[in-house]
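Colleague: Dumping the structure here so I can ask a few things about it.
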2 protein chains.
Amino acid sequence: MGELSTLFAPERVAVVGASEKEGTVGYAITKNLRDDFAETVVPVNPNRDDVLGLDCYGSVGEAGDIDVAVVVVPPTIVLDVVREAAEAGVEDVVVITAGFGESGGEGSDRERDLVALAEEYDLNLVGPNSLGIMSTALDLNATFGPRNASPGNISFMSQSGAFITAVLDWAAERNIGFKDVVSLGNKAVLDESDFAKEWGDDEDTDVILGYLEDITDGQAFIETAREVTQETPMLVVKSGRTQAGASAAASHTGAIAGSDAAYETGLDQAGVLRVESVQELFDSAEILAGQPLPETDGVAIISNAGGPGVMATDAVGDSDISLADFTDETLDRLQEYLPEEANIYNPVDIIGDAPIERFEETIDIVLDDDNVGMAIVLSCPTATLSFEDLADATVSLQAEHGTPVAATLMGGTSTEAAADRLSDAGIPTYFDPERAVGSLEALSEYAEIQDKEYSEPETFDIDRERVSEILTSAVEEGRTQLGVESMDLLDACGIETPQGDVVDSPREAEALADAIEGDVVMKIVSPDITHKSDIGGVEVGVATEAVADTYEDLVVRARNYQPDADIVGVQLQEMVDLDAGTETIVGVNRDPQFGPLVMFGLGGIFVEIMEDTSFRVAPVTESDGQAMIDEVTSSPLLYGARGREPADVPALVEVIQRVSQLVTEFPAITELDINPVVATPDGAAAIDLRLTLDAEALQTQEQP
Amino acid sequence: MGELSTLFAPERVAVVGASEKEGTVGYAITKNLRDDFAETVVPVNPNRDDVLGLDCYGSVGEAGDIDVAVVVVPPTIVLDVVREAAEAGVEDVVVITAGFGESGGEGSDRERDLVALAEEYDLNLVGPNSLGIMSTALDLNATFGPRNASPGNISFMSQSGAFITAVLDWAAERNIGFKDVVSLGNKAVLDESDFAKEWGDDEDTDVILGYLEDITDGQAFIETAREVTQETPMLVVKSGRTQAGASAAASHTGAIAGSDAAYETGLDQAGVLRVESVQELFDSAEILAGQPLPETDGVAIISNAGGPGVMATDAVGDSDISLADFTDETLDRLQEYLPEEANIYNPVDIIGDAPIERFEETIDIVLDDDNVGMAIVLSCPTATLSFEDLADATVSLQAEHGTPVAATLMGGTSTEAAADRLSDAGIPTYFDPERAVGSLEALSEYAEIQDKEYSEPETFDIDRERVSEILTSAVEEGRTQLGVESMDLLDACGIETPQGDVVDSPREAEALADAIEGDVVMKIVSPDITHKSDIGGVEVGVATEAVADTYEDLVVRARNYQPDADIVGVQLQEMVDLDAGTETIVGVNRDPQFGPLVMFGLGGIFVEIMEDTSFRVAPVTESDGQAMIDEVTSSPLLYGARGREPADVPALVEVIQRVSQLVTEFPAITELDINPVVATPDGAAAIDLRLTLDAEALQTQEQP
């Protein structure tokens with residue numbers, strides 16, 4: 001039982017603002033509750049003695065013990081009503097009333113006050129601006145929607161109330177049932193993480209679905225969802241995933257749009273399956289609720305029609321699952337049993353004249369094969385076969401073998417009775433072969449999520465004090481960007497950088513160049529000169545013997561440009577041969593919902609033109625870092641493609657991990673780009689760093 | 001009226017092999033025809049006087065004038081029966097009987113004889129191995145399928161008979177009607193091009209659909225379909241598009257699998273819309289049959305629910321159509337009319353309490369906007385609105401404005417009556433917003449196809465005689481690959497190559513190097529030495545003064561490797577600075593169905609690792625060549641991205657066109673790779689060519 005169990009299984013529910021006036025929300029909710037709720041409904045309205053035949057009270061305080069107060073009073077008195085309920089000992093409150101954060105101005109103030117109140121009394125508060133909640137266990141329909149949910153084992157949260165009414169209407173004729181339904185509203189107090197946790201603890205919820213337009217706290221969500229999804233699959237439609245959609249969502253909910261890259265990896269890191277359409281949401285939910293998880297990801301296709309078998313095979317080819325390789329034994333058994341014209345290889349074609357026995361025997365042989373983790377039974381209408389017989393055979397063979405199965409019955413009304421029999425046994429049925437494949441793919445993805453072991457990020461020896469000093473000095477000098485101290489910062493993080501330092505005389509420069517051996521890069525260092533290259537303040541490939549003269553030249557050029565410039569000296573660096581390695585980029589942006597988002601890609605062309613990048617929400621573990629590298633299409637270049645020497649990929653993974661640790665420990669770093677990190681066979685060196693600071697965050701943050 | 005019009009509108013149809021025995025194909029077809037056909041059915045069976053109450057004849061010859069003979073006799077006597085029918089003057093024959101090409105061996109011989117017979121008598125022959133044909137105009141059901149098609153304006157061809165039975169069963173309850181339906185069978189005589197042409201000429205066919213596993217003659221199909229699709233949209237599910245699917249299709253139909261890249265571009269070049277699922281096939285067909293084409297591709301979304309509006313917007317973001325930008329006038333009108341909480345920007349959210357009048361007025365204002373080419377009307381169930389009223393308003397406003405509209409009614413049974421009203425007016429309705437967007441996208445794509453003007457490929461001045469000589473000599477020398485003459489061949493095609501020639505003495509080498517100026521590349525030329533580099537037979541960056549010595553060295557190395565090698569001389573070439581330009585690749589493969597398939601991509605990494613390539617079936621026009629370049633993601637590198645000097649793209653387009661012309665005029669060239677073609681600001685030069693010849697094809701081809 002979760003912390004919110006009373007919210008969904010109350011004994012006495014008060015409707016504050018109950019009404020007898022048809023067309024009002026107070027009427028609709030009271031009526032829905034009165035008509036269906038298995039326990040007690042208590043209308044509260046100071047102006048009436050009874051509402052819809054139920055005794056009515058003047059206030060929550062007078063109404064006796066109340067488990068859940070549903071609030072439908074005008075926005076200006078919501079706070080008073082909620083405080084009164086809280087004082088009367090009510091712990092669970094559903095605020096239906098709109099006119100809060102979503103309206104801006106006064107509404108936002110009101111929402112802030114409501115949050116403070118909820119914190120003061122430790123309230124479980126749904127909304128405001130919510131359609132309400134439902135739970136089929138007690139026939140609880142505390143919404144003003146027109147239809148109650150049918151009972152089932154799916155729990156569903158939605159940031160759009162309209163979407164709930166739409167889905168319930170649509171689901172009713174599709175045999176799709178729900179346990180709990182919540183309209184999240186403005187999520188002022190309770191949000192997606194709370195309900196994920198609650199339903200993860202609820203034995204009657206087999207699948208958790210969500211329609212979300214944003215995620216309140218990405219890091220908290222990842223933590224909660226990882227735990228929940230070890231037991232219960234969770235599927236989310238995150239809308240606003242395209243730029244156009246994100247703008248529309250922002251104007252709809254007032255949410256600050258996070259980047260979709262953050263949602264994409266954030267949901268994935270949380271173990272949540274992200275889907276893109278309502279059909280996919282419920283197709284996946286249905287199979288996850290009805291079928292066991294596959295033991296391998298190989299799928300067998302058994303059909304009585306060649307063409308549709310090919311369509312199913314195409315869909316498998318497009319998916320992340322693959323056609324099962326039958327064992328020799330299976331092929332021998334099929335060869336012996338099936339007529340000559342049949343195709344015994346996967347996809348198995350038992351041809352159009354197949355009677356039920358041929359389907360039965362074939363399914364039985366195929367499900368016996370250990371390489372077969374899942375199966376699709378596909379049939380077109382034929383004169384020799386009844387869809388109902390096929391359904392019965394499929395149900396019993398699925399149960400016998402324990403292998404997950406999806407059916408594709410390619411017909412219209414003639415398939416309905418069979419589809420019902422399959423559905424009753426938890427086997428989904430579709431017309432389109434690709435939907436069957438999509439469902440099995442979701443099943444297989446969830447099996448992987450359950451197998452996943454989340455590791456803690458490694459902690460590296462970072463010189464926190466030095467990092468802190470560098471950042472603080474920059475801010476004290478009024479800068480939000482780092483200058484020459486960039487290399488020091490990387491060094492403090494244990495990231496390899498080219499040899500070098502800032503020198504303040506030609507002689508010192510020469511000495512350093514001597515120590516470095518080989519050509520060097522020299523850059524003027526002055527807080528007054530930002531675009532060094534433009535004024536001739538950078539020289540590359542300087543030989544040791546020319547270093548002293550170049551020092552003088554750089555200073556002269558700086559003085560010519562700005563006579564009173566404060567010249568700190570010259571930065572002198574080992575000249576790294578970029579051609580000796582592969583240029584990569586490691587970057588970080590701070591996402592409003594998920595926090596630091598780490599990016600990896602190969603050098604300029606691949607990132608800027610090919611958009612070949614990968615992302616992870618920090619902290620990034622070793623396996624995540626490795627996966628980030630492997631996910632980019634250009635990664636073979638790091639592994640020795642086209643005759644290159646393979647780069648030291650573990651060193652690159654470590655750079656990613658160290659960067660992740662840096663931005664996690666120093667939230668004042670808002671943006672960071674190490675471009676390039678040159679990966680060679682012997683290591684990975686950071687050549688240039690751009691870093692942006694939030695001065696305010698630095699001053700307020702706790703220093704590590 | 002097309003050439004096949006009698007096939008679909010016959011007056012007298014003979015069933016040769018008619019039977020009264022239930023469960024036989026001869027019975028099923030005779031019964032289907034007898035029950036429904038508006039004209040005369042003539043059973044033919046030498047063993048009976050009547051079949052199913054119809055007078056039966058001993059042979060087609062005795063049956064009087066017959067328009068279409070449907071043949072269901074055993075395979076061994078099909079040829080006799082068809083010949084008899086042909087001699088009796090029958091022009092249209094449907095061979096249902098299987099046991100031909102699809103069974104291999106004797107069956108293939110039989111199919112070859114059948115084709116010869118059809119050619120001899122100029123027969124329109126469907127099949128063999130066909131389910132039959134249907135035409136709803138005369139209630140003709142000459143198939144052994146269980147269900148007749150409902151009348152409508154879609155004509156449908158399928159290479160899978162089972163898929164026809166499936167689709168008809170499914171379509172029956174969905175208000176989807178057909179004009180003609182053909183099961184193509186083995187396509188021994190009539191194929192997809194013939195039916196495309198027929199239905200393009202048929203006034204009663206508004207949309208042509210196809211399920212194809214292969215295309216018999218790609219070039220002929222492109223030519224026919226281009227003409228047809230100027231008037232009639234054509235949609236195809238080409239199965240076997242993935243590798244797994246292609247293998248399955250090959251084993252199903254025995255078709256030689258062409259590459260999917262060829263189908264992808266071939267169908268596109270033909271003006272055919274390729275779809276991937278049955279749902280998409282019929283969604284697209286329905287809107288193309290029911291709605292006008294858009295004048296611009298901007299789509300407006302009008303909804304009474306924010307969340308689903310965002311989902312629709314996401315789907316637009318994923319598609320090739322875009323959200324319409326409303327004019328200021330529209331925004332002013334919406335601002336004035338709608339309540340404050342509404343969102344007047346696209347997607348318009350008229351909010352949940354909207355009555356029908358608000359929908360009507362908003363739709364009217366939005367459709368008035370010239371920037372709006374299409375619209376989606378989206379509604380969730382609400383207490384203030386009836387779906388039927390919304391349907392009526394949508395139908396009349398769509399008719400008034402002439403703008404294509406798709407509806408999204410997000411509910412279950414409560415939407416059915418409204419959906420019927422919309423469907424009767426040709427407006428499709430879906431639950432999922434993304435299906436509405438997908439349909440409008442198909443509409444917009446077809447509008448582009450109709451606007452497209454196909455140009456003839458330019459003919460360049462290619463020295464055909466020289467090309468022919470080069471190819472012929474190679475073959476005469478027993479080679480299928482070109483050697484040093486590669487550069488000559490490119491030169492004969494008018495493609496720029498590095499300066500150079502084959503020389504046969506150190507002195508001659510020196511003279512040529514003098515003329516070239518700058519360093520050169522030198523390669524030993526010997527028919528006996530194939531891997532020149534391995535034996536030290538190649539030297540790059542040779543200075544003029546070292547050329548004579550290098551000549552001697554190369555010869556010595558070759559002799560050391562193989563004392564009796566026939567040494568022709570040394571090839572000496574201008575050394576091209578690859579860094580001065582961008583390396584690209586132009587290649588050609590010959591596809592079994594579509595013929596020469598031209599490929600373009602940027603140098604090695606982009607082609608091999610990023611798989612960033614584009615394809616066209618030859619001949620390639622100038623605009624196609626330009627599009628091939630623009631389609632690759634890496635193309636900005638040719639246009640000056642990242643500080644490069646822009647390359648001479650028109651010169652590169654010309655190389656593609658010249659290659660296209662070469663392989664079109666010389667079918668003996670089976671493969672060709674110019675790698676690299678270096679594109680510089682001043683032109684595009686081919687540095688290396690690999691070319692493979694089909695010796696047999698060269699000997700038999702007509703010399704140009």
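We name chains A, B, ... following the order of the structure tokens; residues begin at 1 in each chain, and ligands are numbered from 1 as shown.
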With only C-alpha atoms as the counted atoms, please give the residues lying no more than 9 Å from Ile529 (chain B), apart from itself and same-chain residues fewer than 2 positions off, as a ChimeraX atom specification.
Modeller: /B:524-527,531-532,535,537,558,561-562,565-567
Colleague: Could you please select, counting only C-alpha atoms, the residues of chain B within 7 Å of chain A and state them as number ranges by chain?
Modeller: B: 160, 162-163, 165-167, 169-170, 173, 239-245, 248-249, 252, 277-278, 305-308, 310-311, 313-314, 317-318, 347, 380-381, 410-412, 432, 609-610, 633-634
Colleague: What parts of region 116-327 of chain B does DSSP call alpha helix (DSSP H)? I'd like the answer as a ChimeraX atom specification.
Modeller: /B:116-121,161-172,192-200,218-228,243-253,260-269,278-290,306-318
Colleague: Which of these residues is nearest to Arg466 (chain B), using only C-alpha atoms: B:Cys493, B:Leu482, B:Leu114, B:Ile363?
Modeller: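 The closest residue to Arg466 (chain B) is B:Cys493.
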Colleague: Just want the 12 Å neighbourhood of Asp491 (chain A), counted on only C-alpha atoms, with same-chain residues fewer than 4 positions away dropped. Output as number ranges by chain.
Modeller: A: 461-464, 466-467, 470, 485-487, 495-501, 655, 658-659, 662, 685-687, 689
Colleague: Can I get the selected residues back with N, CA and C atoms, as an mmCIF file, in the first residue's frame?
Modeller:
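Listed below is the output, selection19.cif:
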```cif
data_model
loop_
_atom_site.group_PDB
_atom_site.id
_atom_site.type_symbol
_atom_site.label_atom_id
_atom_site.label_comp_id
_atom_site.auth_asym_id
_atom_site.auth_seq_id
_atom_site.Cartn_x
_atom_site.Cartn_y
_atom_site.Cartn_z
ATOM 1 N N ASP A 461 38.720 11.446 -8.309
ATOM 2 C CA ASP A 461 39.457 12.329 -7.434
ATOM 3 C C ASP A 461 39.582 13.700 -8.104
ATOM 4 N N ILE A 462 38.594 14.555 -7.868
ATOM 5 C CA ILE A 462 38.607 15.904 -8.441
ATOM 6 C C ILE A 462 39.066 16.865 -7.346
ATOM 7 N N ASP A 463 39.920 17.824 -7.689
ATOM 8 C CA ASP A 463 40.401 18.790 -6.716
ATOM 9 C C ASP A 463 39.339 19.888 -6.543
ATOM 10 N N ARG A 464 38.365 19.587 -5.704
ATOM 11 C CA ARG A 464 37.206 20.462 -5.568
ATOM 12 C C ARG A 464 37.584 21.871 -5.129
ATOM 13 N N ARG A 466 40.311 23.520 -5.649
ATOM 14 C CA ARG A 466 40.895 24.313 -6.726
ATOM 15 C C ARG A 466 39.812 24.742 -7.716
ATOM 16 N N VAL A 467 38.911 23.830 -8.043
ATOM 17 C CA VAL A 467 37.804 24.171 -8.949
ATOM 18 C C VAL A 467 37.019 25.330 -8.358
ATOM 19 N N ILE A 470 38.856 28.591 -8.653
ATOM 20 C CA ILE A 470 38.877 29.116 -10.024
ATOM 21 C C ILE A 470 37.543 29.766 -10.363
ATOM 22 N N GLU A 485 42.349 30.322 -17.237
ATOM 23 C CA GLU A 485 42.272 29.331 -16.165
ATOM 24 C C GLU A 485 41.489 28.082 -16.561
ATOM 25 N N SER A 486 40.951 28.076 -17.783
ATOM 26 C CA SER A 486 40.224 26.896 -18.271
ATOM 27 C C SER A 486 41.055 25.642 -18.139
ATOM 28 N N MET A 487 42.319 25.758 -18.555
ATOM 29 C CA MET A 487 43.177 24.580 -18.553
ATOM 30 C C MET A 487 43.455 24.116 -17.117
ATOM 31 N N ILE A 495 41.502 15.928 -15.970
ATOM 32 C CA ILE A 495 41.375 15.711 -17.417
ATOM 33 C C ILE A 495 42.672 16.188 -18.074
ATOM 34 N N GLU A 496 43.216 15.319 -18.927
ATOM 35 C CA GLU A 496 44.492 15.616 -19.569
ATOM 36 C C GLU A 496 44.373 16.852 -20.458
ATOM 37 N N THR A 497 45.384 17.757 -20.363
ATOM 38 C CA THR A 497 45.402 18.947 -21.214
ATOM 39 C C THR A 497 46.790 19.063 -21.828
ATOM 40 N N PRO A 498 46.939 19.877 -22.856
ATOM 41 C CA PRO A 498 48.282 20.050 -23.420
ATOM 42 C C PRO A 498 49.167 20.701 -22.367
ATOM 43 N N GLN A 499 50.468 20.384 -22.397
ATOM 44 C CA GLN A 499 51.423 21.036 -21.506
ATOM 45 C C GLN A 499 51.399 22.531 -21.768
ATOM 46 N N GLY A 500 51.584 23.348 -20.725
ATOM 47 C CA GLY A 500 51.629 24.793 -20.977
ATOM 48 C C GLY A 500 51.335 25.591 -19.734
ATOM 49 N N ASP A 501 51.469 26.902 -19.863
ATOM 50 C CA ASP A 501 51.239 27.773 -18.721
ATOM 51 C C ASP A 501 51.162 29.212 -19.240
ATOM 52 N N VAL A 655 36.791 10.883 -19.436
ATOM 53 C CA VAL A 655 36.597 12.334 -19.583
ATOM 54 C C VAL A 655 35.106 12.661 -19.415
ATOM 55 N N ARG A 658 34.184 12.353 -15.767
ATOM 56 C CA ARG A 658 34.726 13.430 -14.939
ATOM 57 C C ARG A 658 33.953 14.735 -15.176
ATOM 58 N N VAL A 659 33.596 14.987 -16.440
ATOM 59 C CA VAL A 659 32.799 16.178 -16.742
ATOM 60 C C VAL A 659 31.445 16.081 -16.040
ATOM 61 N N LEU A 662 31.909 16.858 -12.452
ATOM 62 C CA LEU A 662 32.149 18.301 -12.271
ATOM 63 C C LEU A 662 30.836 19.083 -12.257
ATOM 64 N N ALA A 685 42.907 14.018 -24.711
ATOM 65 C CA ALA A 685 43.323 15.301 -24.158
ATOM 66 C C ALA A 685 42.355 16.406 -24.551
ATOM 67 N N ALA A 686 42.022 17.248 -23.576
ATOM 68 C CA ALA A 686 41.126 18.379 -23.816
ATOM 69 C C ALA A 686 41.956 19.548 -24.321
ATOM 70 N N ILE A 687 41.616 20.093 -25.480
ATOM 71 C CA ILE A 687 42.420 21.168 -26.058
ATOM 72 C C ILE A 687 41.820 22.530 -25.742
ATOM 73 N N LEU A 689 38.374 24.695 -23.767
ATOM 74 C CA LEU A 689 37.178 24.620 -22.917
ATOM 75 C C LEU A 689 36.460 25.960 -22.939
#
```
Colleague: As a ChimeraX atom specification, please: the residues near Phe326 (chain B) (cut-off 12 Å, only C-alpha atoms, same-chain neighbours under 6 positions excluded).
Modeller: /B:298-301,332-334,344-348,365-373
Colleague: Quick check, in Å to one decimal: how far apart do CA of Glu22 (chain B) and CA of Thr143 (chain B) lie?
Modeller: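 Interatomic distance here is 14.8 Å.
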Colleague: Point out the residue among A:Pro292, A:Gly132, A:Gly64, A:Gly640 with the least atom-to-atom distance to Gly26 (chain A), counting only C-alpha atoms.
Modeller: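 Selected residue with least distance to Gly26 (chain A): A:Gly132.
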Colleague: Can you check which residues of region 103-159 of chain A DSSP gives as strand (DSSP E or B) on the backbone and send them as a short mmCIF file (atom, residue, chain, number, x, y, z; two decimals) with all heavy atoms, in the first residue's frame?
Modeller:
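The new file part12.cif reads:
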```
data_model
loop_
_atom_site.label_atom_id
_atom_site.label_comp_id
_atom_site.auth_asym_id
_atom_site.auth_seq_id
_atom_site.Cartn_x
_atom_site.Cartn_y
_atom_site.Cartn_z
N ASN A 124 -1.84 15.65 0.81
CA ASN A 124 -1.74 15.06 -0.53
C ASN A 124 -2.73 15.81 -1.40
O ASN A 124 -3.93 15.58 -1.33
CB ASN A 124 -2.13 13.58 -0.50
CG ASN A 124 -1.17 12.76 0.34
OD1 ASN A 124 0.03 12.99 0.32
ND2 ASN A 124 -1.73 11.82 1.10
N LEU A 125 -2.23 16.71 -2.23
CA LEU A 125 -3.14 17.57 -2.99
C LEU A 125 -3.01 17.33 -4.49
O LEU A 125 -1.91 17.44 -5.06
CB LEU A 125 -2.87 19.03 -2.63
CG LEU A 125 -3.85 20.06 -3.17
CD1 LEU A 125 -4.04 21.21 -2.16
CD2 LEU A 125 -3.43 20.63 -4.51
N VAL A 126 -4.14 16.97 -5.11
CA VAL A 126 -4.18 16.79 -6.57
C VAL A 126 -4.69 18.09 -7.18
O VAL A 126 -5.63 18.67 -6.67
CB VAL A 126 -5.16 15.65 -6.96
CG1 VAL A 126 -5.21 15.49 -8.47
CG2 VAL A 126 -4.76 14.34 -6.28
N GLY A 132 -10.17 15.61 -11.93
CA GLY A 132 -10.50 14.78 -10.79
C GLY A 132 -9.77 13.44 -10.83
O GLY A 132 -8.82 13.27 -11.58
N ILE A 133 -10.25 12.52 -9.99
CA ILE A 133 -9.62 11.19 -9.92
C ILE A 133 -10.67 10.10 -10.00
O ILE A 133 -11.86 10.33 -9.73
CB ILE A 133 -8.81 11.01 -8.61
CG1 ILE A 133 -9.75 11.05 -7.39
CG2 ILE A 133 -7.72 12.08 -8.46
CD1 ILE A 133 -9.11 10.52 -6.12
N MET A 134 -10.22 8.92 -10.38
CA MET A 134 -11.11 7.76 -10.42
C MET A 134 -10.37 6.56 -9.85
O MET A 134 -9.15 6.47 -9.95
CB MET A 134 -11.45 7.37 -11.87
CG MET A 134 -12.26 8.38 -12.61
SD MET A 134 -12.57 7.76 -14.28
CE MET A 134 -13.53 9.13 -14.91
N SER A 135 -11.16 5.63 -9.28
CA SER A 135 -10.58 4.33 -8.96
C SER A 135 -11.70 3.32 -9.09
O SER A 135 -12.77 3.46 -8.48
CB SER A 135 -10.03 4.31 -7.54
OG SER A 135 -9.50 3.02 -7.28
N LEU A 140 -15.16 4.58 -7.62
CA LEU A 140 -14.99 6.00 -7.30
C LEU A 140 -14.80 6.80 -8.59
O LEU A 140 -13.85 6.57 -9.34
CB LEU A 140 -13.74 6.16 -6.41
CG LEU A 140 -13.27 7.58 -6.12
CD1 LEU A 140 -14.18 8.24 -5.09
CD2 LEU A 140 -11.83 7.58 -5.61
N ASN A 141 -15.73 7.71 -8.87
CA ASN A 141 -15.56 8.61 -10.02
C ASN A 141 -15.68 10.04 -9.52
O ASN A 141 -16.76 10.63 -9.55
CB ASN A 141 -16.58 8.31 -11.11
CG ASN A 141 -16.45 9.28 -12.29
OD1 ASN A 141 -15.53 10.11 -12.32
ND2 ASN A 141 -17.35 9.17 -13.25
N ALA A 142 -14.60 10.58 -8.98
CA ALA A 142 -14.61 11.95 -8.47
C ALA A 142 -14.11 12.89 -9.56
O ALA A 142 -13.16 13.64 -9.38
CB ALA A 142 -13.75 12.04 -7.21
N THR A 143 -14.76 12.81 -10.73
CA THR A 143 -14.44 13.73 -11.83
C THR A 143 -15.74 14.31 -12.34
O THR A 143 -16.82 13.81 -12.02
CB THR A 143 -13.78 13.00 -13.02
OG1 THR A 143 -14.81 12.29 -13.74
CG2 THR A 143 -12.71 12.04 -12.57
N PRO A 151 -13.40 -1.37 -15.06
CA PRO A 151 -12.34 -1.91 -14.20
C PRO A 151 -11.28 -2.68 -14.99
O PRO A 151 -11.59 -3.32 -15.99
CB PRO A 151 -13.09 -2.84 -13.25
CG PRO A 151 -14.43 -3.07 -13.85
CD PRO A 151 -14.71 -1.97 -14.80
N GLY A 152 -10.07 -2.60 -14.51
CA GLY A 152 -8.96 -3.28 -15.17
C GLY A 152 -7.70 -3.08 -14.37
O GLY A 152 -7.76 -2.64 -13.22
N ASN A 153 -6.56 -3.36 -14.96
CA ASN A 153 -5.31 -3.32 -14.21
C ASN A 153 -4.31 -2.28 -14.73
O ASN A 153 -3.12 -2.39 -14.51
CB ASN A 153 -4.68 -4.70 -14.14
CG ASN A 153 -4.72 -5.38 -15.51
OD1 ASN A 153 -4.98 -4.71 -16.52
ND2 ASN A 153 -4.45 -6.66 -15.55
N ILE A 154 -4.83 -1.28 -15.46
CA ILE A 154 -3.99 -0.19 -15.95
C ILE A 154 -4.28 1.04 -15.10
O ILE A 154 -5.45 1.38 -14.89
CB ILE A 154 -4.31 0.12 -17.43
CG1 ILE A 154 -3.96 -1.07 -18.32
CG2 ILE A 154 -3.60 1.39 -17.88
CD1 ILE A 154 -4.42 -0.91 -19.76
N SER A 155 -3.26 1.72 -14.59
CA SER A 155 -3.49 3.01 -13.95
C SER A 155 -2.91 4.10 -14.84
O SER A 155 -1.88 3.89 -15.48
CB SER A 155 -2.91 3.05 -12.54
OG SER A 155 -3.74 2.26 -11.69
N PHE A 156 -3.59 5.23 -14.88
CA PHE A 156 -3.35 6.21 -15.93
C PHE A 156 -3.35 7.61 -15.35
O PHE A 156 -4.29 8.01 -14.67
CB PHE A 156 -4.47 6.04 -16.97
CG PHE A 156 -4.50 7.05 -18.09
CD1 PHE A 156 -3.34 7.48 -18.72
CD2 PHE A 156 -5.72 7.56 -18.53
CE1 PHE A 156 -3.39 8.40 -19.76
CE2 PHE A 156 -5.78 8.48 -19.58
CZ PHE A 156 -4.61 8.89 -20.18
N MET A 157 -2.28 8.36 -15.59
CA MET A 157 -2.25 9.77 -15.18
C MET A 157 -2.12 10.63 -16.43
O MET A 157 -1.47 10.24 -17.40
CB MET A 157 -1.08 10.05 -14.24
CG MET A 157 0.30 9.75 -14.80
SD MET A 157 1.61 10.18 -13.60
CE MET A 157 2.26 8.56 -13.19
N SER A 158 -2.76 11.79 -16.41
CA SER A 158 -2.73 12.65 -17.59
C SER A 158 -2.67 14.10 -17.20
O SER A 158 -3.39 14.54 -16.30
CB SER A 158 -3.96 12.39 -18.46
OG SER A 158 -4.05 13.37 -19.47
#
```
Colleague: Figure out the distance between CA of Thr224 (chain A) and CA of Val70 (chain A), please, to one decimal in Å.
Modeller: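 Rounded to one decimal, the two atoms are 27.0 Å apart.
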Colleague: For the atom pair CA of Gly518 (chain A) and CA of Leu554 (chain A), what is the interatomic distance in Å to one decimal place?
Modeller: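 A separation of 19.7 Å between them.
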Colleague: Considering only C-alpha atoms, state which residue in the set B:Ala651, B:Val228, B:Ala137, B:Leu443 is at the smallest distance from Leu288 (chain B).
Modeller: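 Of B:Ala651, B:Val228, B:Ala137, B:Leu443, the one nearest Leu288 (chain B), counting only C-alpha atoms, is B:Leu443.
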Colleague: Can you pull out every residue within 8 Å of Phe615 (chain A), counting only C-alpha atoms, but drop anything in the same chain fewer than 4 positions away, and send it as a list of chain:residue names?
Modeller: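 Using only C-alpha atoms, the neighbours found are A:Ala261, A:Ala262, A:Thr265, A:Leu597, A:Val598, A:Met599, A:Phe600, A:Met628.
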Colleague: If we count only C-alpha atoms and set the cut-off at 10 Å, which residues sit around Thr670 (chain A), ignoring sequence neighbours fewer than 2 positions away in its own chain? Please answer as a list in words.
Modeller: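 The residues that qualify are Thr480, Val588, Asn589, Arg590, Asp591, Gly595, Pro596, Val663, Phe666, Pro667, Ala668, Leu672, Leu691, Thr692, Leu693, Asp694, Ala695 and Ala697 of chain A.
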Colleague: Find the residues near Ala447 (chain A): any atom within 8 Å, counting only C-alpha atoms, skip ones fewer than 3 places away on the same chain, and give them as a PyMOL selection string.
Modeller: chain A and resi 293-294+443-444+450-451
